$ cat work_14.cif   # mmCIF, C-alpha atoms
data_work
loop_
_atom_site.label_atom_id
_atom_site.label_comp_id
_atom_site.auth_asym_id
_atom_site.auth_seq_id
_atom_site.Cartn_x
_atom_site.Cartn_y
_atom_site.Cartn_z
CA MET A 1 -18.66 -3.67 -15.77
CA ASN A 2 -15.22 -5.15 -16.45
CA GLU A 3 -15.15 -8.87 -17.22
CA ASP A 4 -11.57 -9.43 -16.07
CA ILE A 5 -10.61 -9.82 -12.42
CA ILE A 6 -7.82 -7.62 -11.06
CA ALA A 7 -5.78 -8.33 -7.93
CA ALA A 8 -3.23 -6.43 -5.84
CA VAL A 9 -1.78 -6.21 -2.36
CA ALA A 10 -3.61 -3.27 -0.76
CA THR A 11 -1.33 -3.01 2.29
CA SER A 12 2.37 -2.15 2.60
CA ARG A 13 4.88 -4.73 1.40
CA LEU A 14 6.44 -5.03 4.86
CA GLU A 15 6.64 -7.65 7.59
CA ALA A 16 3.35 -7.15 9.49
CA ALA A 17 0.65 -9.06 11.31
CA ILE A 18 -1.86 -8.90 8.43
CA SER A 19 -1.83 -8.22 4.71
CA ILE A 20 -4.85 -7.59 2.51
CA ILE A 21 -5.10 -8.80 -1.07
CA ARG A 22 -7.89 -7.01 -2.91
CA LEU A 23 -9.70 -8.44 -5.94
CA SER A 24 -12.43 -6.92 -8.11
CA GLY A 25 -14.31 -7.94 -11.23
CA SER A 26 -17.15 -9.98 -12.64
CA ASN A 27 -17.89 -13.19 -10.66
CA VAL A 28 -14.90 -12.60 -8.38
CA ILE A 29 -16.67 -14.25 -5.42
CA GLU A 30 -17.04 -17.52 -7.35
CA PHE A 31 -13.44 -17.12 -8.52
CA VAL A 32 -12.05 -16.91 -4.96
CA GLN A 33 -14.34 -19.72 -3.78
CA SER A 34 -12.44 -22.07 -6.13
CA PHE A 35 -9.34 -21.92 -3.90
CA PHE A 36 -10.86 -21.01 -0.50
CA THR A 37 -12.18 -23.63 1.92
CA GLY A 38 -14.70 -21.35 3.62
CA LYS A 39 -18.19 -20.90 2.14
CA ILE A 40 -18.79 -17.48 0.54
CA ILE A 41 -21.01 -18.18 -2.49
CA ASN A 42 -24.31 -17.65 -0.67
CA LYS A 43 -23.09 -15.20 1.96
CA ARG A 44 -24.53 -11.69 2.19
CA THR A 45 -22.51 -8.65 1.21
CA GLN A 46 -20.07 -7.26 3.75
CA THR A 47 -19.59 -10.56 5.57
CA ILE A 48 -16.34 -12.20 6.68
CA SER A 49 -15.64 -15.92 6.40
CA TYR A 50 -12.86 -18.02 7.94
CA GLY A 51 -10.93 -20.72 6.08
CA TYR A 52 -7.77 -21.62 4.20
CA ILE A 53 -6.38 -20.54 0.85
CA VAL A 54 -5.46 -23.80 -0.89
CA ASP A 55 -3.53 -24.81 -3.97
CA GLY A 56 -5.01 -28.17 -4.79
CA GLU A 57 -4.57 -30.25 -1.63
CA GLU A 58 -1.95 -27.94 -0.12
CA LYS A 59 -2.98 -25.33 2.46
CA ILE A 60 -1.22 -22.05 1.73
CA ASP A 61 -2.46 -19.81 4.55
CA GLU A 62 -5.15 -19.43 7.20
CA VAL A 63 -7.20 -16.37 6.22
CA LEU A 64 -10.34 -14.28 6.62
CA VAL A 65 -12.19 -13.42 3.40
CA SER A 66 -14.49 -10.38 3.12
CA ILE A 67 -17.00 -10.20 0.25
CA TYR A 68 -18.76 -7.17 -1.24
CA ARG A 69 -21.68 -7.54 -3.66
CA GLY A 70 -23.63 -5.29 -5.96
CA LYS A 71 -23.07 -1.79 -7.34
CA HIS A 72 -22.46 -0.16 -3.95
CA THR A 73 -18.98 -1.55 -3.46
CA PHE A 74 -15.95 0.72 -3.79
CA THR A 75 -15.39 -0.20 -7.44
CA GLY A 76 -19.06 -0.58 -8.36
CA GLU A 77 -18.56 -4.29 -9.02
CA GLU A 78 -18.08 -7.46 -6.95
CA MET A 79 -15.05 -7.31 -4.66
CA VAL A 80 -13.21 -9.70 -2.36
CA GLU A 81 -10.52 -8.93 0.20
CA ILE A 82 -8.31 -11.75 1.49
CA ASN A 83 -6.86 -11.01 4.93
CA CYS A 84 -3.79 -13.22 5.17
CA HIS A 85 -0.76 -13.30 7.45
CA GLY A 86 1.49 -10.36 6.78
CA GLY A 87 4.84 -11.87 5.91
CA ILE A 88 6.19 -10.75 2.55
CA PHE A 89 6.68 -14.31 1.35
CA ILE A 90 3.23 -15.59 2.33
CA THR A 91 1.52 -12.48 0.94
CA ASN A 92 3.24 -12.93 -2.40
CA ARG A 93 2.43 -16.64 -2.37
CA VAL A 94 -1.31 -15.94 -2.02
CA LEU A 95 -1.16 -13.18 -4.65
CA GLN A 96 0.68 -15.43 -7.10
CA LEU A 97 -1.98 -18.10 -6.61
CA CYS A 98 -4.70 -15.55 -7.49
CA LEU A 99 -2.80 -14.63 -10.64
CA HIS A 100 -2.16 -18.28 -11.52
CA LYS A 101 -5.90 -19.00 -11.22
CA GLY A 102 -6.72 -16.32 -13.79
CA ALA A 103 -6.72 -12.87 -12.18
CA ARG A 104 -4.35 -10.23 -13.52
CA MET A 105 -2.20 -7.78 -11.61
CA ALA A 106 -3.97 -4.45 -11.14
CA GLU A 107 -2.39 -1.34 -12.59
CA ARG A 108 -1.66 1.63 -10.35
CA GLY A 109 -4.94 3.23 -9.30
CA GLU A 110 -7.03 0.74 -11.25
CA PHE A 111 -9.47 0.05 -8.40
CA SER A 112 -10.21 3.79 -8.11
CA LYS A 113 -10.37 4.06 -11.90
CA ARG A 114 -13.03 1.33 -12.01
CA ALA A 115 -14.96 3.16 -9.28
CA PHE A 116 -14.91 6.27 -11.50
CA LEU A 117 -15.80 4.46 -14.73
CA ASN A 118 -18.64 2.60 -12.97
CA GLY A 119 -20.10 5.86 -11.68
CA ARG A 120 -19.38 5.25 -7.99
CA ILE A 121 -17.30 8.43 -7.69
CA ASP A 122 -16.48 11.40 -9.87
CA LEU A 123 -12.96 12.46 -10.80
CA SER A 124 -12.61 14.96 -7.96
CA GLN A 125 -13.50 12.23 -5.44
CA ALA A 126 -10.99 9.86 -7.05
CA GLU A 127 -8.26 12.48 -6.69
CA ALA A 128 -9.27 13.02 -3.06
CA ILE A 129 -8.71 9.31 -2.35
CA SER A 130 -5.12 9.63 -3.53
CA ASP A 131 -4.72 12.84 -1.53
CA LEU A 132 -5.93 11.14 1.66
CA VAL A 133 -3.37 8.34 1.26
CA THR A 134 -0.53 10.84 0.80
CA ALA A 135 -1.70 13.44 3.36
CA HIS A 136 1.15 14.58 5.61
CA ASN A 137 -0.74 16.88 7.99
CA ASP A 138 -4.17 17.29 9.54
CA GLU A 139 -5.26 20.04 7.13
CA ALA A 140 -4.45 17.86 4.11
CA ARG A 141 -6.34 14.97 5.70
CA LYS A 142 -9.45 17.09 6.35
CA LEU A 143 -9.35 18.54 2.85
CA ALA A 144 -9.05 15.10 1.24
CA LEU A 145 -11.84 13.66 3.38
CA LYS A 146 -14.17 16.48 2.32
CA GLY A 147 -13.32 15.73 -1.30
CA ILE A 148 -14.17 12.05 -0.85
CA GLN A 149 -17.50 13.08 0.69
CA GLY A 150 -18.24 15.11 -2.44
CA SER A 151 -17.63 18.69 -1.30
CA ILE A 152 -16.04 19.67 -4.63
CA SER A 153 -18.73 17.84 -6.58
CA HIS A 154 -21.46 19.78 -4.76
CA PHE A 155 -20.22 23.31 -5.38
CA ILE A 156 -19.03 22.62 -8.94
CA THR A 157 -22.46 21.11 -9.71
CA ASP A 158 -24.02 24.31 -8.34
CA LEU A 159 -21.83 26.40 -10.67
CA LYS A 160 -22.83 24.20 -13.60
CA GLU A 161 -26.51 24.63 -12.72
CA ASP A 162 -26.18 28.43 -12.55
CA LEU A 163 -24.41 28.47 -15.90
CA ILE A 164 -26.81 26.14 -17.67
CA GLN A 165 -29.72 28.33 -16.58
CA ILE A 166 -28.11 31.29 -18.35
CA ILE A 167 -27.40 29.15 -21.43
CA THR A 168 -30.97 27.80 -21.43
CA GLN A 169 -32.41 31.32 -21.39
CA ILE A 170 -30.41 32.17 -24.48
CA GLU A 171 -31.19 28.92 -26.30
CA VAL A 172 -34.94 29.29 -25.72
CA ASN A 173 -34.86 32.75 -27.29
CA ILE A 174 -32.84 31.46 -30.24
CA ASP A 175 -34.91 28.32 -30.89
CA TYR A 176 -38.42 29.65 -30.18
CA PRO A 177 -38.52 33.31 -31.20
CA GLU A 178 -42.11 32.91 -32.43
CA TYR A 179 -43.58 32.41 -28.95
CA ASP A 180 -45.10 35.64 -27.65
CA ASP A 181 -44.89 34.63 -23.98
CA ILE A 182 -41.09 34.38 -24.09
CA GLU A 183 -39.56 37.63 -22.95
CA GLU A 184 -37.05 39.07 -25.39
CA LEU A 185 -33.62 38.51 -23.95
CA THR A 186 -30.90 41.17 -24.07
CA ALA A 187 -27.31 41.22 -22.89
CA ASP A 188 -28.28 43.61 -20.11
CA LYS A 189 -30.67 41.04 -18.64
CA LEU A 190 -27.98 38.36 -18.68
CA LEU A 191 -25.36 40.46 -16.92
CA PRO A 192 -26.56 40.25 -13.29
CA LYS A 193 -26.66 36.44 -13.26
CA SER A 194 -23.38 36.17 -15.15
CA GLN A 195 -21.61 38.60 -12.84
CA LYS A 196 -22.92 36.77 -9.77
CA LEU A 197 -21.59 33.49 -11.18
CA LYS A 198 -18.23 35.10 -11.90
CA ASP A 199 -18.04 36.30 -8.28
CA LYS A 200 -18.66 32.73 -7.09
CA MET A 201 -15.84 31.40 -9.27
CA MET A 202 -13.44 34.10 -8.12
CA HIS A 203 -14.27 33.35 -4.48
CA ILE A 204 -13.47 29.65 -4.98
CA LEU A 205 -10.21 30.47 -6.75
CA SER A 206 -9.25 32.83 -3.94
CA GLU A 207 -10.03 30.33 -1.19
CA SER A 208 -8.10 27.62 -3.04
CA LYS A 209 -4.82 29.55 -3.19
CA ASN A 210 -3.36 27.84 -0.11
CA ILE A 211 -3.98 24.28 -1.33
CA LYS A 212 -0.40 23.80 -2.51
CA LEU A 213 0.86 24.96 0.88
CA VAL A 214 -1.38 22.46 2.68
CA LYS A 215 -0.53 19.47 0.48
CA GLU A 216 3.10 20.05 -0.40
CA GLY A 217 4.36 22.26 2.42
CA ILE A 218 5.63 25.83 2.37
CA SER A 219 8.76 26.32 0.27
CA THR A 220 10.93 28.37 2.64
CA VAL A 221 14.26 29.95 1.67
CA ILE A 222 16.77 31.33 4.18
CA VAL A 223 18.83 34.13 2.63
CA GLY A 224 21.41 36.60 3.88
CA LYS A 225 25.05 37.58 3.70
CA PRO A 226 27.73 35.10 4.74
CA ASN A 227 28.14 34.53 8.48
CA VAL A 228 24.87 36.19 9.59
CA GLY A 229 23.68 32.92 11.11
CA LYS A 230 21.60 31.32 8.34
CA SER A 231 22.93 27.82 8.98
CA SER A 232 22.54 28.28 12.75
CA LEU A 233 18.92 29.26 12.14
CA LEU A 234 18.33 26.18 9.97
CA ASN A 235 19.83 23.95 12.65
CA ALA A 236 17.71 25.63 15.34
CA LEU A 237 14.55 25.11 13.31
CA LEU A 238 15.44 21.51 12.49
CA GLU A 239 16.75 20.90 16.02
CA GLU A 240 19.77 19.14 14.55
CA ASP A 241 23.22 20.01 13.20
CA LYS A 242 22.42 19.57 9.53
CA ALA A 243 24.33 22.62 8.27
CA ILE A 244 28.02 23.31 8.97
CA VAL A 245 28.42 26.32 11.26
CA THR A 246 31.80 28.11 11.56
CA GLU A 247 33.12 31.63 11.93
CA ILE A 248 34.49 31.43 8.37
CA ALA A 249 32.38 33.42 5.90
CA GLY A 250 31.10 31.44 2.93
CA THR A 251 30.99 28.03 4.62
CA THR A 252 27.69 27.17 2.89
CA ARG A 253 28.49 27.07 -0.83
CA ASP A 254 25.52 25.01 -1.98
CA ILE A 255 21.92 24.38 -0.94
CA VAL A 256 21.16 22.63 2.36
CA GLU A 257 17.60 21.35 2.78
CA GLY A 258 15.38 20.05 5.55
CA THR A 259 11.72 19.79 6.58
CA ILE A 260 10.15 21.00 9.81
CA ARG A 261 6.63 20.92 11.19
CA LEU A 262 5.13 23.86 13.08
CA ASP A 263 1.81 22.55 14.38
CA ASN A 264 -0.01 21.76 11.11
CA LEU A 265 2.36 23.76 8.92
CA VAL A 266 5.12 21.94 7.05
CA LEU A 267 8.10 24.07 6.02
CA ASN A 268 10.40 22.74 3.30
CA MET A 269 13.52 24.61 4.37
CA ILE A 270 16.39 25.64 2.09
CA ASP A 271 19.53 27.24 3.52
CA THR A 272 21.22 29.10 0.68
CA ALA A 273 24.79 30.17 0.10
CA GLY A 274 25.69 33.56 1.59
CA ILE A 275 24.88 36.26 -0.94
CA HIS A 276 27.80 38.60 -1.55
CA HIS A 277 30.32 39.57 -4.21
CA THR A 278 33.05 36.97 -4.59
CA ASP A 279 35.72 35.98 -7.09
CA ASP A 280 35.46 32.33 -6.09
CA ARG A 281 33.85 30.53 -9.04
CA ILE A 282 32.14 27.85 -6.93
CA GLU A 283 30.90 30.40 -4.41
CA THR A 284 29.57 32.57 -7.26
CA MET A 285 27.53 29.66 -8.59
CA GLY A 286 26.06 29.17 -5.12
CA VAL A 287 25.16 32.87 -4.86
CA GLU A 288 23.46 32.80 -8.27
CA LYS A 289 21.49 29.72 -7.26
CA SER A 290 20.44 31.42 -4.01
CA LEU A 291 19.17 34.51 -5.83
CA SER A 292 17.16 32.38 -8.26
CA LEU A 293 15.38 30.61 -5.39
CA ILE A 294 14.05 33.83 -3.85
CA SER A 295 11.38 34.39 -6.49
CA GLN A 296 10.26 30.73 -6.36
CA ALA A 297 9.76 30.54 -2.58
CA ASP A 298 6.45 30.74 -0.71
CA LEU A 299 8.28 32.25 2.26
CA VAL A 300 11.63 34.11 2.44
CA LEU A 301 13.47 34.33 5.75
CA LEU A 302 15.92 37.24 5.36
CA VAL A 303 18.58 37.02 8.07
CA LEU A 304 20.48 40.14 9.15
CA ASP A 305 23.31 40.38 11.68
CA GLY A 306 21.89 42.71 14.32
CA SER A 307 25.29 43.22 15.95
CA LYS A 308 26.73 45.04 12.91
CA PRO A 309 25.51 48.06 10.92
CA LEU A 310 23.70 47.38 7.64
CA ASP A 311 25.91 47.55 4.53
CA ASN A 312 25.27 47.66 0.78
CA GLU A 313 24.79 43.90 0.52
CA ASP A 314 22.13 44.01 3.27
CA TYR A 315 20.30 46.81 1.46
CA MET A 316 20.54 44.88 -1.82
CA LEU A 317 18.86 41.87 -0.19
CA LEU A 318 16.20 44.04 1.43
CA ASN A 319 15.38 45.45 -2.01
CA LYS A 320 15.60 42.04 -3.73
CA THR A 321 13.08 40.47 -1.34
CA LYS A 322 10.68 43.39 -0.82
CA ASN A 323 8.00 41.98 -3.15
CA THR A 324 8.10 38.48 -1.66
CA HIS A 325 6.34 36.97 1.35
CA ARG A 326 9.26 37.96 3.58
CA ILE A 327 10.09 37.85 7.25
CA ILE A 328 13.06 39.99 8.32
CA ILE A 329 15.04 38.23 11.03
CA ILE A 330 17.53 40.15 13.16
CA ASN A 331 19.93 37.53 14.48
CA LYS A 332 22.64 37.53 17.19
CA GLN A 333 20.37 39.07 19.81
CA ASP A 334 22.86 37.77 22.39
CA GLN A 335 25.48 40.25 21.05
CA GLY A 336 23.22 43.31 21.21
CA CYS A 337 21.56 45.21 18.36
CA VAL A 338 22.96 48.25 16.52
CA ILE A 339 20.52 48.36 13.56
CA ASP A 340 17.18 50.18 13.55
CA ILE A 341 14.91 48.13 11.33
CA GLU A 342 11.65 46.31 12.01
CA GLY A 343 11.99 42.55 12.28
CA ILE A 344 11.93 39.46 14.50
CA HIS A 345 14.82 39.40 16.99
CA ILE A 346 16.36 35.99 17.65
CA SER A 347 19.52 34.27 18.80
CA ALA A 348 19.86 31.23 16.57
CA LYS A 349 23.05 30.10 18.35
CA ASP A 350 21.15 29.96 21.66
CA MET A 351 18.11 28.30 20.01
CA ASN A 352 16.06 31.37 21.02
CA ILE A 353 13.65 31.38 18.05
CA THR A 354 10.19 31.10 19.65
CA ASP A 355 9.11 34.58 18.48
CA LEU A 356 9.99 33.59 14.92
CA THR A 357 8.14 30.26 14.92
CA ASP A 358 5.06 31.90 16.47
CA TYR A 359 5.15 34.62 13.79
CA ILE A 360 5.41 32.04 10.98
CA LYS A 361 2.43 30.08 12.32
CA ASN A 362 0.35 33.26 12.45
CA SER A 363 1.39 34.27 8.91
CA PHE A 364 -0.43 31.39 7.21
CA ASP A 365 -4.13 31.23 7.96
CA LEU A 366 -5.39 27.87 6.73
CA SER A 367 -8.61 28.02 8.74
CA VAL A 368 -10.72 28.59 5.60
CA ILE A 369 -9.97 25.02 4.56
CA ASN A 370 -11.49 23.68 7.77
CA GLY A 371 -14.77 25.60 7.50
CA GLU A 372 -17.92 23.59 6.93
CA ASP A 373 -18.86 25.79 3.96
CA ALA A 374 -15.34 26.09 2.53
CA HIS A 375 -15.32 25.90 -1.26
CA VAL A 376 -11.79 24.89 -2.17
CA LEU A 377 -10.31 22.89 -5.01
CA ALA A 378 -7.79 20.18 -4.31
CA ASN A 379 -5.08 20.38 -6.97
CA GLN A 380 -3.58 22.28 -9.88
CA ARG A 381 -5.61 20.41 -12.51
CA GLN A 382 -8.87 21.51 -10.91
CA LEU A 383 -7.63 25.07 -10.36
CA GLN A 384 -6.49 25.40 -13.97
CA LEU A 385 -9.85 24.18 -15.30
CA LEU A 386 -11.79 26.60 -13.08
CA GLU A 387 -9.50 29.44 -14.20
CA GLN A 388 -10.25 28.51 -17.82
CA ALA A 389 -13.98 28.35 -17.06
CA ASN A 390 -13.73 31.79 -15.49
CA GLU A 391 -11.83 33.17 -18.50
CA SER A 392 -14.55 31.96 -20.88
CA LEU A 393 -17.22 33.46 -18.64
CA ASN A 394 -15.31 36.75 -18.58
CA LYS A 395 -15.29 36.80 -22.40
CA ALA A 396 -19.06 36.38 -22.36
CA ILE A 397 -19.46 39.16 -19.78
CA ASP A 398 -17.26 41.50 -21.86
CA ALA A 399 -19.45 40.75 -24.88
CA MET A 400 -22.58 41.51 -22.83
CA ASN A 401 -21.10 44.84 -21.75
CA ASN A 402 -20.44 45.61 -25.42
CA LYS A 403 -24.10 44.89 -26.28
CA ILE A 404 -23.24 41.84 -28.38
CA PRO A 405 -26.41 39.82 -29.23
CA PRO A 406 -26.98 36.88 -26.86
CA ASP A 407 -26.81 34.27 -29.63
CA LEU A 408 -23.18 35.28 -30.25
CA ILE A 409 -22.30 35.00 -26.56
CA VAL A 410 -23.50 31.47 -25.96
CA THR A 411 -20.33 29.82 -27.36
CA ASP A 412 -18.15 31.23 -24.59
CA LEU A 413 -20.72 30.18 -22.00
CA TYR A 414 -20.67 26.63 -23.37
CA ASP A 415 -16.85 26.64 -23.18
CA SER A 416 -17.07 27.61 -19.52
CA TRP A 417 -19.61 24.85 -18.85
CA GLU A 418 -17.40 22.22 -20.53
CA LYS A 419 -14.46 23.16 -18.28
CA LEU A 420 -16.62 22.76 -15.17
CA LYS A 421 -17.65 19.30 -16.39
CA GLU A 422 -14.00 18.34 -16.85
CA ILE A 423 -13.29 19.08 -13.17
CA LEU A 424 -15.65 16.23 -12.27
CA GLY A 425 -14.41 14.01 -15.11
CA GLU A 426 -17.67 14.16 -17.03
CA GLN A 427 -15.79 14.71 -20.28
CA SER A 428 -12.41 13.19 -19.50
CA LYS A 429 -10.25 11.78 -22.25
CA GLU A 430 -8.96 8.22 -21.82
CA ASP A 431 -5.29 9.22 -21.96
CA LEU A 432 -5.87 11.82 -19.23
CA LEU A 433 -7.51 9.18 -17.03
CA ASP A 434 -4.66 6.72 -17.59
CA GLU A 435 -2.08 9.34 -16.60
CA LEU A 436 -4.04 10.47 -13.55
CA PHE A 437 -4.69 7.03 -12.08
CA LYS A 438 -1.10 5.88 -12.66
CA ARG A 439 -0.15 8.26 -9.84
CA PHE A 440 -2.13 6.17 -7.35
CA CYS A 441 -0.80 3.33 -5.20
CA ILE A 442 -1.13 -0.20 -6.51
CA GLY A 443 -4.14 -1.77 -4.80
CA LYS A 444 -5.94 1.58 -4.59
#
$ encode --input "work_14.cif" --output "structure tokens"
Amino acid sequence: MNEDIIAAVATSRLEAAISIIRLSGSNVIEFVQSFFTGKIINKRTQTISYGYIVDGEEKIDEVLVSIYRGKHTFTGEEMVEINCHGGIFITNRVLQLCLHKGARMAERGEFSKRAFLNGRIDLSQAEAISDLVTAHNDEARKLALKGIQGSISHFITDLKEDLIQIITQIEVNIDYPEYDDIEELTADKLLPKSQKLKDKMMHILSESKNIKLVKEGISTVIVGKPNVGKSSLLNALLEEDKAIVTEIAGTTRDIVEGTIRLDNLVLNMIDTAGIHHTDDRIETMGVEKSLSLISQADLVLLVLDGSKPLDNEDYMLLNKTKNTHRIIIINKQDQGCVIDIEGIHISAKDMNITDLTDYIKNSFDLSVINGEDAHVLANQRQLQLLEQANESLNKAIDAMNNKIPPDLIVTDLYDSWEKLKEILGEQSKEDLLDELFKRFCIGK
């Protein structure tokens, strides 16, 4: 348990009805009692007391003080929350008094870090807390809440248990070869369990592939020749005139961005410069930038002018985007269609894009995240560690297939096990923890 007392404002620094100042540390209840008129020393945990925060004889604010005792608080140590009036000045006045009396300002994420270090939560649960605070759609909220409840901890612990059973079998054969009742272990006997464990890891990695899309939104690039209606489409999707729309080809010379929400999908939209051959230096730079964004996008909206025959630049774009997650959009439906190619027909100018938005929503199935038995990881750190664990397990499986003796395989299995432990923070380095928790809000 930490001896020092940390303090921070746990609510937004805005004019509001109420602000909460959170404190945690050894003897923090006695500490707050020294400048609070209400009686909290002998109160039970999770009780609220009324009184005034005072600085000597001066009353600073009328407040409610909540106390939390024992190891089952959020941080695993004594905590106090001061509910004061929400003005910025009065909130800072109460916080400054706490600091003047001997508390120190909490670092970013330090409350969650203490919860982790005191064994109240594991690292995956700590990350889920941050994810819940920053969630921008319902899927992200549900995913984060599952993480807080320990969903990742449960299935990673199961993987660890499966792996340690394989390791234990090998170690028993190595350490106690003299016992007759221990069956001689061969690589062939290890393979079924190892392969089953590999399948579990691969399933989790597969189900986790849409996590970035849920948390950060779908990176969506609109591409096409000049004057096919890309900017009109962006404006229709955004329902605002963000991009300049004219009859002059090449109006968009740089990147125009915006964000839209389709039910629980968030699209981070980028309208690119029209892709075509040009001698204009600035336009050329825009075209090069547009082409570079195609390979980075989660979704490519390729816009074609349905009122004109396809030309070489259209075919170039069709070829350039063929290996991407692409939707072909045939625009200018209001002017008729003279091209015979499969795609979604729209009229961006008339805001007639319902078929397109419905198609996009059906293209991304995030339902696996909402399933009760969904096994999904929450961020790139966790995914990378599971991939490394899987790589080490694959090395062991390859060695088993090559009839390598079990005692030479166990090192790779241990490497896999260590990576699984890192997901939960069971072997985290201090500098990694500092960097991770700095990304949290102050007061969290």
$ atom_distance --input "work_14.cif" --atom1 "CA of Gly229 in chain A" --atom2 "CA of Val303 in chain A"
7.2 Å
$ resolve_selection --input "work_14.cif" --expression "the PyMOL selection byres ((chain A and resi 128-145) around 7)" --output "list in words"
Ser124, Gln125, Ala126, Glu127, Lys146, Gly147, Ile148, Gln149, Val214, Lys215, Asn264, Ile369 and Phe440 of chain A
$ write_last_selection --input "work_14.cif" --atoms "C-alpha atoms" --output "PDB file, keeping the file's coordinate frame"
ATOM      1  CA  SER A 124     -12.610  14.960  -7.960  1.00  0.00           C
ATOM      2  CA  GLN A 125     -13.500  12.230  -5.440  1.00  0.00           C
ATOM      3  CA  ALA A 126     -10.990   9.860  -7.050  1.00  0.00           C
ATOM      4  CA  GLU A 127      -8.260  12.480  -6.690  1.00  0.00           C
ATOM      5  CA  LYS A 146     -14.170  16.480   2.320  1.00  0.00           C
ATOM      6  CA  GLY A 147     -13.320  15.730  -1.300  1.00  0.00           C
ATOM      7  CA  ILE A 148     -14.170  12.050  -0.850  1.00  0.00           C
ATOM      8  CA  GLN A 149     -17.500  13.080   0.690  1.00  0.00           C
ATOM      9  CA  VAL A 214      -1.380  22.460   2.680  1.00  0.00           C
ATOM     10  CA  LYS A 215      -0.530  19.470   0.480  1.00  0.00           C
ATOM     11  CA  ASN A 264      -0.010  21.760  11.110  1.00  0.00           C
ATOM     12  CA  ILE A 369      -9.970  25.020   4.560  1.00  0.00           C
ATOM     13  CA  PHE A 440      -2.130   6.170  -7.350  1.00  0.00           C
TER      14      PHE A 440
END
$ residues_around --input "work_14.cif" --residues "Ile211 in chain A" --least-positions-apart "4" --cutoff "8 Å" --atoms "only C-alpha atoms" --output "PyMOL selection string"
chain A and resi 215+376-379
$ residues_around --input "work_14.cif" --residues "Lys198 in chain A" --least-positions-apart "3" --cutoff "9 Å" --atoms "all atoms listed in the file" --output "PyMOL selection string"
chain A and resi 193-195+201-203+390+393-394+397
$ closest_residue --input "work_14.cif" --among "A:Glu342, A:Asp298, A:Asp350, A:Glu418" --to "Ala236 in chain A" --atoms "all atoms listed in the file"
A:Asp350
$ resolve_selection --input "work_14.cif" --expression "the PyMOL selection byres ((chain A and resi 122) around 12)" --output "ChimeraX atom specification"
/A:75,112-121,123-129,147-154,156-157,421-428,433
$ atom_distance --input "work_14.cif" --atom1 "CA of Val223 in chain A" --atom2 "CA of Met351 in chain A"
18.3 Å
$ closest_residue --input "work_14.cif" --among "A:Lys209, A:Lys332, A:Lys160, A:Lys349" --to "Phe364 in chain A" --atoms "all atoms listed in the file"
A:Lys209
$ resolve_selection --input "work_14.cif" --expression "the PyMOL selection byres ((chain A and resi 330) around 8)" --output "NGL selection string"
:A and (303-306 or 328-329 or 331-333 or 343-346)
$ axis_aligned_box --input "work_14.cif" --around "range 205-213 of chain A" --padding-each-side "3 Å" --output "AutoDock Vina command-line options"
--center_x -4.7 --center_y 28.3 --center_z -2.9 --size_x 17.1 --size_y 15.0 --size_z 13.6
$ closest_residue --input "work_14.cif" --among "A:Val266, A:Val63, A:Ile339, A:Ile167" --to "Thr411 in chain A" --atoms "all atoms listed in the file"
A:Ile167
